[in-house]
Amino acid sequence: MKNIFVTGGAGYVGSLLIPLLIKEGYKVTSVDLMIYGDTLPEHEQLKIIKGDIRDQNLLEQNLKNQDAVIHLACISNDPSFELNPKLGKSINLDAFEPLVKISKKNKVRRFIYASSSSVYGIKKEKNVYEDMSLEPLTDYSKFKADCEKILSMYSSDEFITTSIRPATVCGYSKRQRLDLVVNILTNHAYHNKKIKVLGGDQLRPNIHIHDMCMSYLKVLNSPKEKINNQAFNVGFENHSVSDLADLVKKNISDDIEIIKTATNDNRSYHVSSEKISNLLDFQPQKNIENAVIDLKKAFNENLLINTFDNEFYFNIKRMNNINLK
């Protein structure tokens, strides 16, 4: 496989994944609305399209001669989705099956879908495995589960389909997000010397952004019989919110004040990544502490500025300002 089609290629994960794909020798086509800026490097192996995955003509034209699709594009997370549910549905659900159909029609060989660990809902079990029932609680996570089912319907020996269920991603990227739990805590610790923890005992699975990207590369290069019509959790570290705050304090400064307050949000879950570890021999190379250190370095080097008000770091602020339809 040489030609990879990435939707959402200029996003938080995509802007790190695409340079890794290029380094591995792939020719990449990225389709993205670019609402968070142009975060991709110019390269002879990269074709950058500023476009909308809801545009089926664009898909028809550019999915020819592609070997694989990595579908990252979506309105990310519950708060962003609820800002404009109609928009979220049109991008996250309605655009999905046409993309799959056009991919299969054009003889794409592999289709990798970025789902979410939120598809499980709240589980009482100590470990959440891929074969457990999906009980999503929000439209965002319901549509993620729906798309997994749609993708499964199109799976065949010639069209290899895989769903990745990521934990919350953390760390530094050219298209930075500062609205994710570890990144939020690190931003406040570094700039305000203060962290607010709501509750604290809730378990939150996280994955370093580099390992998130490497999991896509692993699936891309795995034997089809191991990945076809399969789902894989990717979330190797399960810490309580209090422990996350302590990790951030340890790596930023000893004088950080941690303020704990009560919360009604008691969602707590522990995602197991044993399947991708055992079946595909995938092991993380980084951890949450690395993510905090990477962000601290970015702050020190002024790679991230105006980190509480810059709309490009916060999905909701940016979407509000551009009035995306």
# chains A, B, ... in the order shown; residues from 1 in each chain; ligands from 1
call {"tool": "select_by_dssp", "arguments": {"residues": "segment 27-260 of chain A", "states": "helix (DSSP H, G or I)", "output": "ChimeraX atom specification"}}
result
/A:56-62,78-83,85-94,96-105,117-120,139-154,181-192,209-220,224-227,241-252
call {"tool": "select_by_dssp", "arguments": {"residues": "segment 164-311 of chain A", "states": "strand (DSSP E or B)", "output": "MDAnalysis selection string"}}
result
chainID A and resid 164:166 168:170 194:198 203:208 230:234 237:240 257:261 271
call {"tool": "write_last_selection", "arguments": {"atoms": "C-alpha atoms", "output": "JSON list (two decimals), in the first residue's frame"}}
result
[["chain", "number", "residue", "atom", "x", "y", "z"],
["A", 164, "ILE", "CA", -10.20, 2.27, 16.57],
["A", 165, "ARG", "CA", -11.70, 3.32, 19.91],
["A", 166, "PRO", "CA", -9.31, 5.90, 21.36],
["A", 168, "THR", "CA", -8.71, 10.80, 25.50],
["A", 169, "VAL", "CA", -5.65, 11.98, 23.61],
["A", 170, "CYS", "CA", -3.01, 14.20, 25.22],
["A", 194, "LYS", "CA", -3.31, 26.27, 40.06],
["A", 195, "ILE", "CA", -5.34, 23.19, 39.06],
["A", 196, "LYS", "CA", -9.03, 22.70, 39.75],
["A", 197, "VAL", "CA", -10.13, 19.09, 40.09],
["A", 198, "LEU", "CA", -13.84, 18.28, 39.90],
["A", 203, "LEU", "CA", -11.00, 7.02, 36.22],
["A", 204, "ARG", "CA", -10.13, 8.55, 32.86],
["A", 205, "PRO", "CA", -8.27, 6.59, 30.16],
["A", 206, "ASN", "CA", -5.69, 8.57, 28.20],
["A", 207, "ILE", "CA", -3.28, 7.99, 25.31],
["A", 208, "HIS", "CA", -0.27, 10.03, 24.22],
["A", 230, "GLN", "CA", -12.48, -5.67, 14.21],
["A", 231, "ALA", "CA", -12.52, -2.93, 16.84],
["A", 232, "PHE", "CA", -9.55, -2.04, 19.03],
["A", 233, "ASN", "CA", -9.37, 0.03, 22.20],
["A", 234, "VAL", "CA", -6.35, 2.34, 22.33],
["A", 237, "GLU", "CA", -3.18, 4.55, 30.91],
["A", 238, "ASN", "CA", -6.19, 4.66, 33.23],
["A", 239, "HIS", "CA", -5.69, 7.19, 36.01],
["A", 240, "SER", "CA", -8.06, 8.95, 38.35],
["A", 257, "GLU", "CA", -1.97, 24.40, 44.09],
["A", 258, "ILE", "CA", -4.54, 21.62, 43.54],
["A", 259, "ILE", "CA", -8.10, 22.64, 44.43],
["A", 260, "LYS", "CA", -10.67, 19.86, 44.70],
["A", 261, "THR", "CA", -14.39, 20.52, 44.38],
["A", 271, "VAL", "CA", -10.50, 0.79, 29.14]]
call {"tool": "atom_distance", "arguments": {"atom1": "atom CA of Gln176 of chain A", "atom2": "atom CA of Tyr313 of chain A"}}
result
5.5 Å
call {"tool": "closest_atom_pairs", "arguments": {"of": "segment 19-97 of chain A", "to": "segment 212-228 of chain A", "cutoff": "9 Å", "atoms": "only C-alpha atoms", "output": "JSON lines"}}
result
{"residue": "A:Leu20", "atom": "CA", "partner": "A:Cys213", "partner_atom": "CA", "distance": 8.0}
{"residue": "A:Leu21", "atom": "CA", "partner": "A:Leu217", "partner_atom": "CA", "distance": 7.6}
{"residue": "A:Ala68", "atom": "CA", "partner": "A:Leu220", "partner_atom": "CA", "distance": 8.0}
{"residue": "A:Ile70", "atom": "CA", "partner": "A:Tyr216", "partner_atom": "CA", "distance": 7.9}
call {"tool": "atom_distance", "arguments": {"atom1": "atom CA of Arg177 of chain A", "atom2": "atom CA of Phe314 of chain A"}}
result
6.0 Å
call {"tool": "residues_around", "arguments": {"residues": "Glu97 of chain A", "least_positions_apart": "3", "cutoff": "9 Å", "atoms": "only C-alpha atoms", "output": "ChimeraX atom specification"}}
result
/A:93-94,100-102,147,150-151
call {"tool": "decode", "arguments": {"residues": "segment 144-218 of chain A", "atoms": "C-alpha atoms", "output": "PDB file, in the first residue's frame"}}
result
ATOM      1  CA  LYS A 144     -19.753   6.827  16.601  1.00  0.00           C
ATOM      2  CA  ALA A 145     -21.359   3.469  17.445  1.00  0.00           C
ATOM      3  CA  ASP A 146     -23.737   3.741  14.479  1.00  0.00           C
ATOM      4  CA  CYS A 147     -20.833   4.337  12.113  1.00  0.00           C
ATOM      5  CA  GLU A 148     -19.030   1.273  13.432  1.00  0.00           C
ATOM      6  CA  LYS A 149     -22.110  -0.806  12.576  1.00  0.00           C
ATOM      7  CA  ILE A 150     -22.373   0.740   9.116  1.00  0.00           C
ATOM      8  CA  LEU A 151     -18.699   0.056   8.438  1.00  0.00           C
ATOM      9  CA  SER A 152     -19.083  -3.559   9.523  1.00  0.00           C
ATOM     10  CA  MET A 153     -21.830  -4.066   6.924  1.00  0.00           C
ATOM     11  CA  TYR A 154     -19.411  -3.199   4.106  1.00  0.00           C
ATOM     12  CA  SER A 155     -16.529  -5.353   5.322  1.00  0.00           C
ATOM     13  CA  SER A 156     -15.286  -8.029   2.914  1.00  0.00           C
ATOM     14  CA  ASP A 157     -12.097  -9.869   1.967  1.00  0.00           C
ATOM     15  CA  GLU A 158     -11.353  -7.079  -0.502  1.00  0.00           C
ATOM     16  CA  PHE A 159     -12.457  -4.205   1.760  1.00  0.00           C
ATOM     17  CA  ILE A 160     -10.753  -4.556   5.135  1.00  0.00           C
ATOM     18  CA  THR A 161     -12.449  -2.482   7.835  1.00  0.00           C
ATOM     19  CA  THR A 162     -11.233  -1.588  11.318  1.00  0.00           C
ATOM     20  CA  SER A 163     -12.566   0.690  14.068  1.00  0.00           C
ATOM     21  CA  ILE A 164     -10.199   2.275  16.569  1.00  0.00           C
ATOM     22  CA  ARG A 165     -11.698   3.324  19.912  1.00  0.00           C
ATOM     23  CA  PRO A 166      -9.306   5.904  21.357  1.00  0.00           C
ATOM     24  CA  ALA A 167      -9.128   7.055  24.937  1.00  0.00           C
ATOM     25  CA  THR A 168      -8.714  10.804  25.502  1.00  0.00           C
ATOM     26  CA  VAL A 169      -5.652  11.982  23.611  1.00  0.00           C
ATOM     27  CA  CYS A 170      -3.013  14.201  25.220  1.00  0.00           C
ATOM     28  CA  GLY A 171       0.218  15.932  24.267  1.00  0.00           C
ATOM     29  CA  TYR A 172       1.597  18.457  21.798  1.00  0.00           C
ATOM     30  CA  SER A 173       0.618  18.782  18.143  1.00  0.00           C
ATOM     31  CA  LYS A 174       0.968  21.416  15.412  1.00  0.00           C
ATOM     32  CA  ARG A 175      -2.848  21.755  15.659  1.00  0.00           C
ATOM     33  CA  GLN A 176      -2.983  21.973  19.403  1.00  0.00           C
ATOM     34  CA  ARG A 177      -6.050  21.290  21.505  1.00  0.00           C
ATOM     35  CA  LEU A 178      -6.185  22.663  25.037  1.00  0.00           C
ATOM     36  CA  ASP A 179      -9.717  21.429  25.766  1.00  0.00           C
ATOM     37  CA  LEU A 180      -8.746  17.849  26.705  1.00  0.00           C
ATOM     38  CA  VAL A 181      -8.234  16.799  30.307  1.00  0.00           C
ATOM     39  CA  VAL A 182      -4.435  16.376  30.584  1.00  0.00           C
ATOM     40  CA  ASN A 183      -3.826  19.353  28.293  1.00  0.00           C
ATOM     41  CA  ILE A 184      -6.271  21.491  30.309  1.00  0.00           C
ATOM     42  CA  LEU A 185      -4.589  20.608  33.603  1.00  0.00           C
ATOM     43  CA  THR A 186      -1.121  21.272  32.178  1.00  0.00           C
ATOM     44  CA  ASN A 187      -2.120  24.644  30.734  1.00  0.00           C
ATOM     45  CA  HIS A 188      -3.559  25.800  34.075  1.00  0.00           C
ATOM     46  CA  ALA A 189      -0.631  24.439  36.070  1.00  0.00           C
ATOM     47  CA  TYR A 190       1.976  26.106  33.885  1.00  0.00           C
ATOM     48  CA  HIS A 191       0.306  29.498  33.514  1.00  0.00           C
ATOM     49  CA  ASN A 192      -1.819  29.878  36.672  1.00  0.00           C
ATOM     50  CA  LYS A 193       0.083  27.692  39.161  1.00  0.00           C
ATOM     51  CA  LYS A 194      -3.309  26.267  40.057  1.00  0.00           C
ATOM     52  CA  ILE A 195      -5.340  23.189  39.065  1.00  0.00           C
ATOM     53  CA  LYS A 196      -9.035  22.705  39.746  1.00  0.00           C
ATOM     54  CA  VAL A 197     -10.134  19.088  40.093  1.00  0.00           C
ATOM     55  CA  LEU A 198     -13.843  18.277  39.898  1.00  0.00           C
ATOM     56  CA  GLY A 199     -14.374  15.182  42.015  1.00  0.00           C
ATOM     57  CA  GLY A 200     -11.138  13.311  41.548  1.00  0.00           C
ATOM     58  CA  ASP A 201     -11.823   9.611  41.987  1.00  0.00           C
ATOM     59  CA  GLN A 202     -13.227   9.134  38.459  1.00  0.00           C
ATOM     60  CA  LEU A 203     -10.998   7.019  36.218  1.00  0.00           C
ATOM     61  CA  ARG A 204     -10.129   8.545  32.859  1.00  0.00           C
ATOM     62  CA  PRO A 205      -8.272   6.587  30.156  1.00  0.00           C
ATOM     63  CA  ASN A 206      -5.687   8.571  28.198  1.00  0.00           C
ATOM     64  CA  ILE A 207      -3.277   7.986  25.313  1.00  0.00           C
ATOM     65  CA  HIS A 208      -0.268  10.029  24.216  1.00  0.00           C
ATOM     66  CA  ILE A 209      -0.876  11.554  20.783  1.00  0.00           C
ATOM     67  CA  HIS A 210       2.254   9.912  19.346  1.00  0.00           C
ATOM     68  CA  ASP A 211       1.006   6.458  20.375  1.00  0.00           C
ATOM     69  CA  MET A 212      -2.433   7.303  19.004  1.00  0.00           C
ATOM     70  CA  CYS A 213      -0.829   7.935  15.618  1.00  0.00           C
ATOM     71  CA  MET A 214       1.351   4.844  15.828  1.00  0.00           C
ATOM     72  CA  SER A 215      -1.737   2.690  16.441  1.00  0.00           C
ATOM     73  CA  TYR A 216      -3.070   3.740  13.017  1.00  0.00           C
ATOM     74  CA  LEU A 217       0.241   2.820  11.422  1.00  0.00           C
ATOM     75  CA  LYS A 218       0.174  -0.541  13.195  1.00  0.00           C
TER      76      LYS A 218
END
